[in-house]
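What follows is the content of run.cif, which has mmCIF, N, CA and C atoms:
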```cif
data_final
loop_
_atom_site.label_atom_id
_atom_site.label_comp_id
_atom_site.auth_asym_id
_atom_site.auth_seq_id
_atom_site.Cartn_x
_atom_site.Cartn_y
_atom_site.Cartn_z
N MET P 1 -65.30 -176.78 -238.47
CA MET P 1 -64.66 -176.31 -239.69
C MET P 1 -63.30 -177.00 -239.82
N ASN P 2 -62.97 -177.36 -241.01
CA ASN P 2 -61.72 -178.06 -241.27
C ASN P 2 -60.58 -177.04 -241.41
N ILE P 3 -59.66 -177.05 -240.45
CA ILE P 3 -58.56 -176.08 -240.42
C ILE P 3 -57.59 -176.29 -241.59
N VAL P 4 -57.40 -177.55 -242.00
CA VAL P 4 -56.50 -177.83 -243.13
C VAL P 4 -57.09 -177.26 -244.41
N LEU P 5 -58.36 -177.49 -244.61
CA LEU P 5 -59.03 -176.96 -245.81
C LEU P 5 -59.01 -175.43 -245.81
N LEU P 6 -59.26 -174.84 -244.66
CA LEU P 6 -59.19 -173.38 -244.54
C LEU P 6 -57.81 -172.88 -244.95
N SER P 7 -56.76 -173.53 -244.46
CA SER P 7 -55.39 -173.13 -244.77
C SER P 7 -55.07 -173.30 -246.25
N VAL P 8 -55.53 -174.39 -246.85
CA VAL P 8 -55.27 -174.63 -248.27
C VAL P 8 -55.96 -173.56 -249.13
N ILE P 9 -57.21 -173.29 -248.82
CA ILE P 9 -57.95 -172.27 -249.58
C ILE P 9 -57.30 -170.90 -249.38
N ALA P 10 -56.93 -170.58 -248.15
CA ALA P 10 -56.27 -169.30 -247.89
C ALA P 10 -54.94 -169.22 -248.65
N PHE P 11 -54.20 -170.32 -248.70
CA PHE P 11 -52.93 -170.35 -249.41
C PHE P 11 -53.14 -170.05 -250.90
N VAL P 12 -54.08 -170.73 -251.52
CA VAL P 12 -54.32 -170.55 -252.96
C VAL P 12 -54.74 -169.11 -253.25
N MET P 13 -55.66 -168.59 -252.47
CA MET P 13 -56.13 -167.22 -252.70
C MET P 13 -55.01 -166.20 -252.49
N ASN P 14 -54.20 -166.40 -251.46
CA ASN P 14 -53.10 -165.46 -251.21
C ASN P 14 -52.00 -165.57 -252.25
N LEU P 15 -51.77 -166.77 -252.77
CA LEU P 15 -50.78 -166.93 -253.83
C LEU P 15 -51.21 -166.15 -255.07
N LEU P 16 -52.47 -166.28 -255.44
CA LEU P 16 -53.00 -165.53 -256.57
C LEU P 16 -52.89 -164.02 -256.33
N TRP P 17 -53.23 -163.60 -255.11
CA TRP P 17 -53.17 -162.17 -254.76
C TRP P 17 -51.73 -161.67 -254.83
N GLU P 18 -50.79 -162.44 -254.31
CA GLU P 18 -49.38 -162.03 -254.32
C GLU P 18 -48.87 -161.81 -255.74
N PHE P 19 -49.19 -162.75 -256.63
CA PHE P 19 -48.75 -162.60 -258.02
C PHE P 19 -49.45 -161.42 -258.69
N ALA P 20 -50.72 -161.21 -258.35
CA ALA P 20 -51.48 -160.12 -258.98
C ALA P 20 -50.96 -158.74 -258.56
N HIS P 21 -50.58 -158.59 -257.28
CA HIS P 21 -50.15 -157.25 -256.86
C HIS P 21 -48.63 -157.07 -256.84
N CYS P 22 -47.90 -158.06 -257.28
CA CYS P 22 -46.44 -157.97 -257.36
C CYS P 22 -45.97 -156.73 -258.13
N PRO P 23 -46.59 -156.36 -259.26
CA PRO P 23 -46.13 -155.18 -259.99
C PRO P 23 -46.27 -153.86 -259.22
N LEU P 24 -47.02 -153.88 -258.13
CA LEU P 24 -47.18 -152.67 -257.32
C LEU P 24 -46.00 -152.44 -256.37
N TYR P 25 -45.05 -153.38 -256.36
CA TYR P 25 -43.87 -153.28 -255.51
C TYR P 25 -42.62 -153.07 -256.37
N THR P 26 -41.87 -152.04 -256.07
CA THR P 26 -40.59 -151.82 -256.75
C THR P 26 -39.68 -153.00 -256.49
N THR P 27 -39.67 -153.48 -255.28
CA THR P 27 -38.83 -154.61 -254.88
C THR P 27 -39.11 -155.82 -255.76
N CYS P 28 -40.35 -156.11 -255.99
CA CYS P 28 -40.74 -157.28 -256.79
C CYS P 28 -40.35 -157.10 -258.25
N ARG P 29 -40.52 -155.90 -258.76
CA ARG P 29 -40.17 -155.63 -260.16
C ARG P 29 -38.69 -155.83 -260.43
N ARG P 30 -37.86 -155.57 -259.42
CA ARG P 30 -36.41 -155.64 -259.59
C ARG P 30 -35.84 -157.04 -259.39
N MET P 31 -36.62 -157.96 -258.87
CA MET P 31 -36.11 -159.31 -258.60
C MET P 31 -36.04 -160.13 -259.89
N VAL P 32 -35.05 -161.02 -259.93
CA VAL P 32 -35.00 -161.98 -261.03
C VAL P 32 -36.17 -162.95 -260.85
N PRO P 33 -36.69 -163.50 -261.94
CA PRO P 33 -37.89 -164.33 -261.84
C PRO P 33 -37.83 -165.45 -260.81
N GLY P 34 -36.75 -166.19 -260.73
CA GLY P 34 -36.66 -167.29 -259.77
C GLY P 34 -36.75 -166.80 -258.34
N ARG P 35 -36.06 -165.73 -258.02
CA ARG P 35 -36.10 -165.15 -256.67
C ARG P 35 -37.48 -164.58 -256.37
N ARG P 36 -38.12 -164.01 -257.40
CA ARG P 36 -39.45 -163.43 -257.23
C ARG P 36 -40.45 -164.52 -256.81
N VAL P 37 -40.39 -165.67 -257.47
CA VAL P 37 -41.31 -166.77 -257.15
C VAL P 37 -41.09 -167.23 -255.71
N VAL P 38 -39.83 -167.38 -255.31
CA VAL P 38 -39.53 -167.80 -253.94
C VAL P 38 -40.08 -166.77 -252.95
N ARG P 39 -39.86 -165.50 -253.22
CA ARG P 39 -40.33 -164.44 -252.33
C ARG P 39 -41.86 -164.42 -252.23
N LEU P 40 -42.54 -164.62 -253.35
CA LEU P 40 -44.00 -164.63 -253.34
C LEU P 40 -44.55 -165.86 -252.60
N LEU P 41 -43.86 -166.99 -252.73
CA LEU P 41 -44.27 -168.17 -251.96
C LEU P 41 -44.07 -167.94 -250.46
N GLN P 42 -42.97 -167.29 -250.08
CA GLN P 42 -42.74 -166.97 -248.67
C GLN P 42 -43.84 -166.05 -248.14
N ALA P 43 -44.17 -165.03 -248.92
CA ALA P 43 -45.22 -164.10 -248.50
C ALA P 43 -46.56 -164.82 -248.37
N THR P 44 -46.83 -165.74 -249.30
CA THR P 44 -48.08 -166.50 -249.26
C THR P 44 -48.15 -167.38 -248.01
N LEU P 45 -47.06 -168.03 -247.67
CA LEU P 45 -47.03 -168.85 -246.45
C LEU P 45 -47.25 -167.99 -245.21
N PHE P 46 -46.63 -166.84 -245.19
CA PHE P 46 -46.78 -165.92 -244.05
C PHE P 46 -48.24 -165.47 -243.93
N ASP P 47 -48.87 -165.10 -245.03
CA ASP P 47 -50.27 -164.67 -245.01
C ASP P 47 -51.19 -165.80 -244.57
N THR P 48 -50.93 -167.00 -245.08
CA THR P 48 -51.73 -168.17 -244.71
C THR P 48 -51.59 -168.45 -243.21
N MET P 49 -50.37 -168.31 -242.70
CA MET P 49 -50.13 -168.52 -241.28
C MET P 49 -50.94 -167.53 -240.44
N TRP P 50 -50.98 -166.26 -240.84
CA TRP P 50 -51.73 -165.27 -240.07
C TRP P 50 -53.23 -165.54 -240.09
N ILE P 51 -53.75 -165.93 -241.23
CA ILE P 51 -55.18 -166.23 -241.31
C ILE P 51 -55.51 -167.45 -240.44
N THR P 52 -54.71 -168.50 -240.55
CA THR P 52 -54.93 -169.71 -239.77
C THR P 52 -54.78 -169.44 -238.28
N PHE P 53 -53.74 -168.70 -237.90
CA PHE P 53 -53.51 -168.36 -236.50
C PHE P 53 -54.67 -167.54 -235.94
N THR P 54 -55.13 -166.57 -236.68
CA THR P 54 -56.24 -165.73 -236.22
C THR P 54 -57.50 -166.58 -236.05
N TYR P 55 -57.74 -167.47 -236.99
CA TYR P 55 -58.88 -168.37 -236.87
C TYR P 55 -58.77 -169.23 -235.61
N LEU P 56 -57.59 -169.78 -235.35
CA LEU P 56 -57.39 -170.62 -234.16
C LEU P 56 -57.59 -169.83 -232.87
N VAL P 57 -57.15 -168.59 -232.85
CA VAL P 57 -57.37 -167.74 -231.66
C VAL P 57 -58.87 -167.57 -231.43
N PHE P 58 -59.62 -167.32 -232.49
CA PHE P 58 -61.07 -167.18 -232.35
C PHE P 58 -61.72 -168.47 -231.88
N ILE P 59 -61.22 -169.62 -232.35
CA ILE P 59 -61.74 -170.92 -231.90
C ILE P 59 -61.50 -171.07 -230.40
N LEU P 60 -60.29 -170.72 -229.94
CA LEU P 60 -59.97 -170.83 -228.52
C LEU P 60 -60.83 -169.91 -227.67
N VAL P 61 -61.08 -168.73 -228.16
CA VAL P 61 -61.87 -167.76 -227.40
C VAL P 61 -63.35 -168.07 -227.45
N GLU P 62 -63.84 -168.41 -228.63
CA GLU P 62 -65.28 -168.59 -228.83
C GLU P 62 -65.74 -170.04 -228.70
N GLY P 63 -64.84 -171.00 -228.72
CA GLY P 63 -65.23 -172.39 -228.67
C GLY P 63 -65.42 -172.96 -230.07
N HIS P 64 -65.72 -174.25 -230.12
CA HIS P 64 -65.83 -174.92 -231.42
C HIS P 64 -67.01 -174.47 -232.25
N SER P 65 -68.00 -173.86 -231.64
CA SER P 65 -69.14 -173.40 -232.43
C SER P 65 -68.71 -172.28 -233.38
N PHE P 66 -67.68 -171.59 -232.99
CA PHE P 66 -67.10 -170.52 -233.81
C PHE P 66 -68.17 -169.59 -234.35
N SER P 67 -68.97 -169.09 -233.43
CA SER P 67 -69.97 -168.09 -233.82
C SER P 67 -69.32 -166.71 -233.77
N LEU P 68 -68.17 -166.65 -234.39
CA LEU P 68 -67.38 -165.43 -234.33
C LEU P 68 -68.02 -164.28 -235.06
N SER P 69 -67.69 -163.13 -234.61
CA SER P 69 -68.11 -161.93 -235.29
C SER P 69 -67.23 -161.77 -236.53
N ILE P 70 -67.83 -161.83 -237.67
CA ILE P 70 -67.10 -161.68 -238.93
C ILE P 70 -66.39 -160.33 -238.96
N LEU P 71 -67.04 -159.33 -238.45
CA LEU P 71 -66.45 -157.99 -238.41
C LEU P 71 -65.20 -157.97 -237.54
N LEU P 72 -65.24 -158.64 -236.41
CA LEU P 72 -64.08 -158.68 -235.52
C LEU P 72 -62.93 -159.48 -236.15
N PHE P 73 -63.25 -160.58 -236.80
CA PHE P 73 -62.24 -161.39 -237.49
C PHE P 73 -61.56 -160.56 -238.59
N ALA P 74 -62.36 -159.88 -239.40
CA ALA P 74 -61.82 -159.05 -240.48
C ALA P 74 -61.00 -157.89 -239.92
N THR P 75 -61.44 -157.31 -238.82
CA THR P 75 -60.71 -156.20 -238.20
C THR P 75 -59.37 -156.67 -237.66
N ALA P 76 -59.34 -157.84 -237.06
CA ALA P 76 -58.07 -158.39 -236.55
C ALA P 76 -57.09 -158.61 -237.70
N LEU P 77 -57.57 -159.15 -238.82
CA LEU P 77 -56.70 -159.37 -239.97
C LEU P 77 -56.26 -158.05 -240.61
N LEU P 78 -57.15 -157.07 -240.62
CA LEU P 78 -56.80 -155.74 -241.13
C LEU P 78 -55.70 -155.11 -240.28
N LEU P 79 -55.82 -155.23 -238.98
CA LEU P 79 -54.80 -154.69 -238.07
C LEU P 79 -53.46 -155.40 -238.26
N LEU P 80 -53.48 -156.72 -238.38
CA LEU P 80 -52.25 -157.47 -238.64
C LEU P 80 -51.60 -157.03 -239.95
N ALA P 81 -52.41 -156.87 -240.99
CA ALA P 81 -51.89 -156.45 -242.29
C ALA P 81 -51.26 -155.06 -242.18
N TYR P 82 -51.93 -154.16 -241.50
CA TYR P 82 -51.42 -152.79 -241.35
C TYR P 82 -50.08 -152.79 -240.60
N LEU P 83 -50.03 -153.49 -239.47
CA LEU P 83 -48.80 -153.52 -238.68
C LEU P 83 -47.65 -154.18 -239.44
N ASN P 84 -47.95 -155.24 -240.19
CA ASN P 84 -46.93 -155.90 -240.98
C ASN P 84 -46.39 -154.97 -242.07
N GLU P 85 -47.28 -154.26 -242.75
CA GLU P 85 -46.83 -153.34 -243.81
C GLU P 85 -45.99 -152.20 -243.24
N ARG P 86 -46.43 -151.64 -242.12
CA ARG P 86 -45.65 -150.54 -241.50
C ARG P 86 -44.26 -151.02 -241.14
N TYR P 87 -44.18 -152.19 -240.52
CA TYR P 87 -42.89 -152.74 -240.12
C TYR P 87 -42.00 -153.01 -241.35
N ALA P 88 -42.59 -153.63 -242.37
CA ALA P 88 -41.82 -153.98 -243.57
C ALA P 88 -41.30 -152.73 -244.28
N LEU P 89 -42.10 -151.69 -244.33
CA LEU P 89 -41.65 -150.46 -244.96
C LEU P 89 -40.55 -149.78 -244.15
N LYS P 90 -40.72 -149.74 -242.84
CA LYS P 90 -39.70 -149.10 -241.98
C LYS P 90 -38.39 -149.87 -241.98
N SER P 91 -38.46 -151.20 -242.09
CA SER P 91 -37.25 -152.02 -242.08
C SER P 91 -36.70 -152.25 -243.49
N HIS P 92 -37.33 -151.63 -244.49
CA HIS P 92 -36.88 -151.70 -245.89
C HIS P 92 -36.90 -153.11 -246.46
N ARG P 93 -37.84 -153.93 -245.97
CA ARG P 93 -38.00 -155.27 -246.55
C ARG P 93 -38.55 -155.20 -247.96
N TRP P 94 -39.37 -154.20 -248.21
CA TRP P 94 -39.86 -153.94 -249.56
C TRP P 94 -40.24 -152.49 -249.70
N SER P 95 -40.47 -152.10 -250.94
CA SER P 95 -40.89 -150.72 -251.22
C SER P 95 -41.95 -150.76 -252.32
N TYR P 96 -42.78 -149.75 -252.32
CA TYR P 96 -43.87 -149.69 -253.29
C TYR P 96 -43.44 -148.96 -254.56
N HIS P 97 -44.01 -149.39 -255.65
CA HIS P 97 -43.92 -148.67 -256.91
C HIS P 97 -44.88 -147.48 -256.82
N ARG P 98 -44.65 -146.48 -257.62
CA ARG P 98 -45.51 -145.27 -257.56
C ARG P 98 -46.97 -145.57 -257.91
N SER P 99 -47.22 -146.71 -258.55
CA SER P 99 -48.59 -147.08 -258.92
C SER P 99 -49.40 -147.67 -257.76
N MET P 100 -48.75 -147.94 -256.62
CA MET P 100 -49.45 -148.51 -255.45
C MET P 100 -50.29 -147.42 -254.78
N PRO P 101 -51.61 -147.58 -254.74
CA PRO P 101 -52.43 -146.62 -254.00
C PRO P 101 -52.20 -146.79 -252.49
N LEU P 102 -52.14 -145.67 -251.78
CA LEU P 102 -51.83 -145.70 -250.34
C LEU P 102 -53.03 -145.27 -249.51
N LEU P 103 -53.08 -145.80 -248.30
CA LEU P 103 -54.05 -145.40 -247.30
C LEU P 103 -53.36 -145.49 -245.95
N LEU P 104 -53.33 -144.40 -245.24
CA LEU P 104 -52.66 -144.34 -243.93
C LEU P 104 -51.20 -144.77 -244.01
N GLY P 105 -50.56 -144.44 -245.12
CA GLY P 105 -49.14 -144.72 -245.28
C GLY P 105 -48.77 -146.12 -245.73
N VAL P 106 -49.76 -146.96 -246.01
CA VAL P 106 -49.47 -148.31 -246.51
C VAL P 106 -50.28 -148.56 -247.77
N GLY P 107 -49.83 -149.55 -248.53
CA GLY P 107 -50.53 -149.89 -249.76
C GLY P 107 -51.92 -150.46 -249.50
N ILE P 108 -52.87 -150.04 -250.32
CA ILE P 108 -54.24 -150.53 -250.15
C ILE P 108 -54.34 -152.02 -250.46
N SER P 109 -53.65 -152.47 -251.48
CA SER P 109 -53.73 -153.89 -251.85
C SER P 109 -53.27 -154.81 -250.71
N PRO P 110 -52.07 -154.60 -250.14
CA PRO P 110 -51.68 -155.48 -249.04
C PRO P 110 -52.51 -155.26 -247.77
N LEU P 111 -53.03 -154.06 -247.61
CA LEU P 111 -53.86 -153.78 -246.43
C LEU P 111 -55.16 -154.59 -246.48
N LEU P 112 -55.73 -154.72 -247.65
CA LEU P 112 -57.00 -155.43 -247.79
C LEU P 112 -56.85 -156.93 -248.02
N GLN P 113 -55.64 -157.36 -248.34
CA GLN P 113 -55.41 -158.76 -248.70
C GLN P 113 -55.83 -159.74 -247.61
N LEU P 114 -55.32 -159.58 -246.41
CA LEU P 114 -55.64 -160.55 -245.33
C LEU P 114 -57.13 -160.58 -244.99
N PRO P 115 -57.78 -159.43 -244.77
CA PRO P 115 -59.20 -159.52 -244.44
C PRO P 115 -60.05 -160.11 -245.57
N ILE P 116 -59.74 -159.77 -246.80
CA ILE P 116 -60.55 -160.29 -247.91
C ILE P 116 -60.30 -161.78 -248.12
N THR P 117 -59.04 -162.19 -248.20
CA THR P 117 -58.77 -163.62 -248.43
C THR P 117 -59.17 -164.46 -247.21
N GLY P 118 -59.00 -163.92 -246.02
CA GLY P 118 -59.41 -164.63 -244.81
C GLY P 118 -60.91 -164.86 -244.76
N LEU P 119 -61.68 -163.81 -245.06
CA LEU P 119 -63.14 -163.94 -245.05
C LEU P 119 -63.61 -164.87 -246.16
N LEU P 120 -63.03 -164.75 -247.35
CA LEU P 120 -63.43 -165.64 -248.44
C LEU P 120 -63.11 -167.10 -248.12
N ALA P 121 -61.96 -167.33 -247.51
CA ALA P 121 -61.60 -168.71 -247.13
C ALA P 121 -62.61 -169.25 -246.12
N LEU P 122 -62.98 -168.44 -245.13
CA LEU P 122 -63.98 -168.86 -244.15
C LEU P 122 -65.31 -169.18 -244.81
N LEU P 123 -65.73 -168.31 -245.70
CA LEU P 123 -67.01 -168.52 -246.38
C LEU P 123 -66.99 -169.76 -247.27
N LEU P 124 -65.88 -169.97 -247.98
CA LEU P 124 -65.80 -171.14 -248.84
C LEU P 124 -65.76 -172.44 -248.05
N VAL P 125 -65.01 -172.47 -246.97
CA VAL P 125 -64.95 -173.68 -246.16
C VAL P 125 -66.30 -173.94 -245.48
N GLY P 126 -66.94 -172.86 -245.05
CA GLY P 126 -68.24 -173.00 -244.41
C GLY P 126 -69.32 -173.50 -245.34
N SER P 127 -69.15 -173.24 -246.64
CA SER P 127 -70.19 -173.65 -247.59
C SER P 127 -69.90 -175.02 -248.21
N LEU P 128 -68.73 -175.60 -247.90
CA LEU P 128 -68.40 -176.92 -248.47
C LEU P 128 -68.94 -178.04 -247.61
#
```

Structure encoded using structure tokens:
Amino acid sequence: MNIVLLSVIAFVMNLLWEFAHCPLYTTCRRMVPGRRVVRLLQATLFDTMWITFTYLVFILVEGHSFSLSILLFATALLLLAYLNERYALKSHRWSYHRSMPLLLGVGISPLLQLPITGLLALLLVGSL
């Protein structure tokens, strides 16, 4: 599997996701447009890094055949997303708007973002 292609696809999908769920964050709503774009690009790079890093860990553990358990990959990304959201909320890096649906104290949209975009990136790269 091409790691560069995986990262590019993950980046594009996460960039779209970041812009789509930006209104669910009070922090994002209050930012001036230029700062908002910079912040969303930073978040996209961070998300892409986690997906790529998780993929590389699975490659190291499972070998180049990468017969990874999709469920385990998605679970690892879900756990990373949950821990990141908990930390960000506790450290006041961002806050949710009242329209953000919550699950276990974190927003559903950011919780599902990494596993969904990570799995879609894997599937798209695998089918190319």

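Minimum atom-to-atom distances from P:Leu77, P:Val32, P:Leu112, P:Cys22 to P:Ile51 were compared using only N, CA and C atoms, and the lowest value belongs to P:Leu77.
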
Tell me, as a short mmCIF file (atom, residue, chain, number, x, y, z; two decimals) with N, CA and C atoms, in the frame of the given file, which residues lie within 6.5 Å of P:Val106, counting all atoms listed in the file; anything in the same chain fewer than 4 positions away does not count.
```
data_model
loop_
_atom_site.label_atom_id
_atom_site.label_comp_id
_atom_site.auth_asym_id
_atom_site.auth_seq_id
_atom_site.Cartn_x
_atom_site.Cartn_y
_atom_site.Cartn_z
N GLU P 85 -47.28 -154.26 -242.75
CA GLU P 85 -46.83 -153.34 -243.81
C GLU P 85 -45.99 -152.20 -243.24
N ARG P 86 -46.43 -151.64 -242.12
CA ARG P 86 -45.65 -150.54 -241.50
C ARG P 86 -44.26 -151.02 -241.14
N PRO P 101 -51.61 -147.58 -254.74
CA PRO P 101 -52.43 -146.62 -254.00
C PRO P 101 -52.20 -146.79 -252.49
N LEU P 102 -52.14 -145.67 -251.78
CA LEU P 102 -51.83 -145.70 -250.34
C LEU P 102 -53.03 -145.27 -249.51
N LEU P 111 -53.03 -154.06 -247.61
CA LEU P 111 -53.86 -153.78 -246.43
C LEU P 111 -55.16 -154.59 -246.48
#
```

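Distances from P:Ile3, P:Leu15, P:Ala10, P:Leu103 to P:Thr117 were compared using only N, CA and C atoms, and the smallest one belongs to P:Ala10.
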
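Our summary of the geometry notes that atom C of P:Val4 is positioned 28.2 Å from atom N of P:Ile108.
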
- Task: Considering only N, CA and C atoms, state which residue in the set P:Leu83, P:Leu89, P:Ala74, P:Leu6 is at the smallest distance from P:Thr52.
- Result: P:Leu6

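Residue nearest P:Met13, chosen from P:Ala121, P:Arg98, P:Thr27, P:Arg93 and counting only C-alpha atoms: P:Ala121.
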
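Minimum atom-to-atom distance to P:Leu16, evaluated using all atoms listed in the file, belongs to P:Thr44 out of P:Leu72, P:Arg39, P:Arg30, P:Thr44.
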
- Note on the structure: Separating atom CA of P:Val125 from atom C of P:His21, to the nearest tenth of an Å, is a gap of 25.6 Å

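Of the listed residues P:Ile70, P:Leu80, P:Ile59, P:Lys90, the one whose atoms come nearest to P:Leu114 is P:Leu80, with distances taken using only N, CA and C atoms.
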
- Determine which residues of stretch 4-125 of chain P DSSP labels as alpha helix (DSSP H) from the backbone of this structure, then write them out as number ranges by chain. P: 4-21, 26-30, 33-62, 70-90, 108-125

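Taking atom C of P:Tyr96 as the reference point, atom N of P:Glu18 is found at 15.4 Å.
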
- Per DSSP on the backbone, filter stretch 73-110 of chain P down to the residues in strand (DSSP E) and report them as a PyMOL selection string. chain P and resi 102-103+106-107
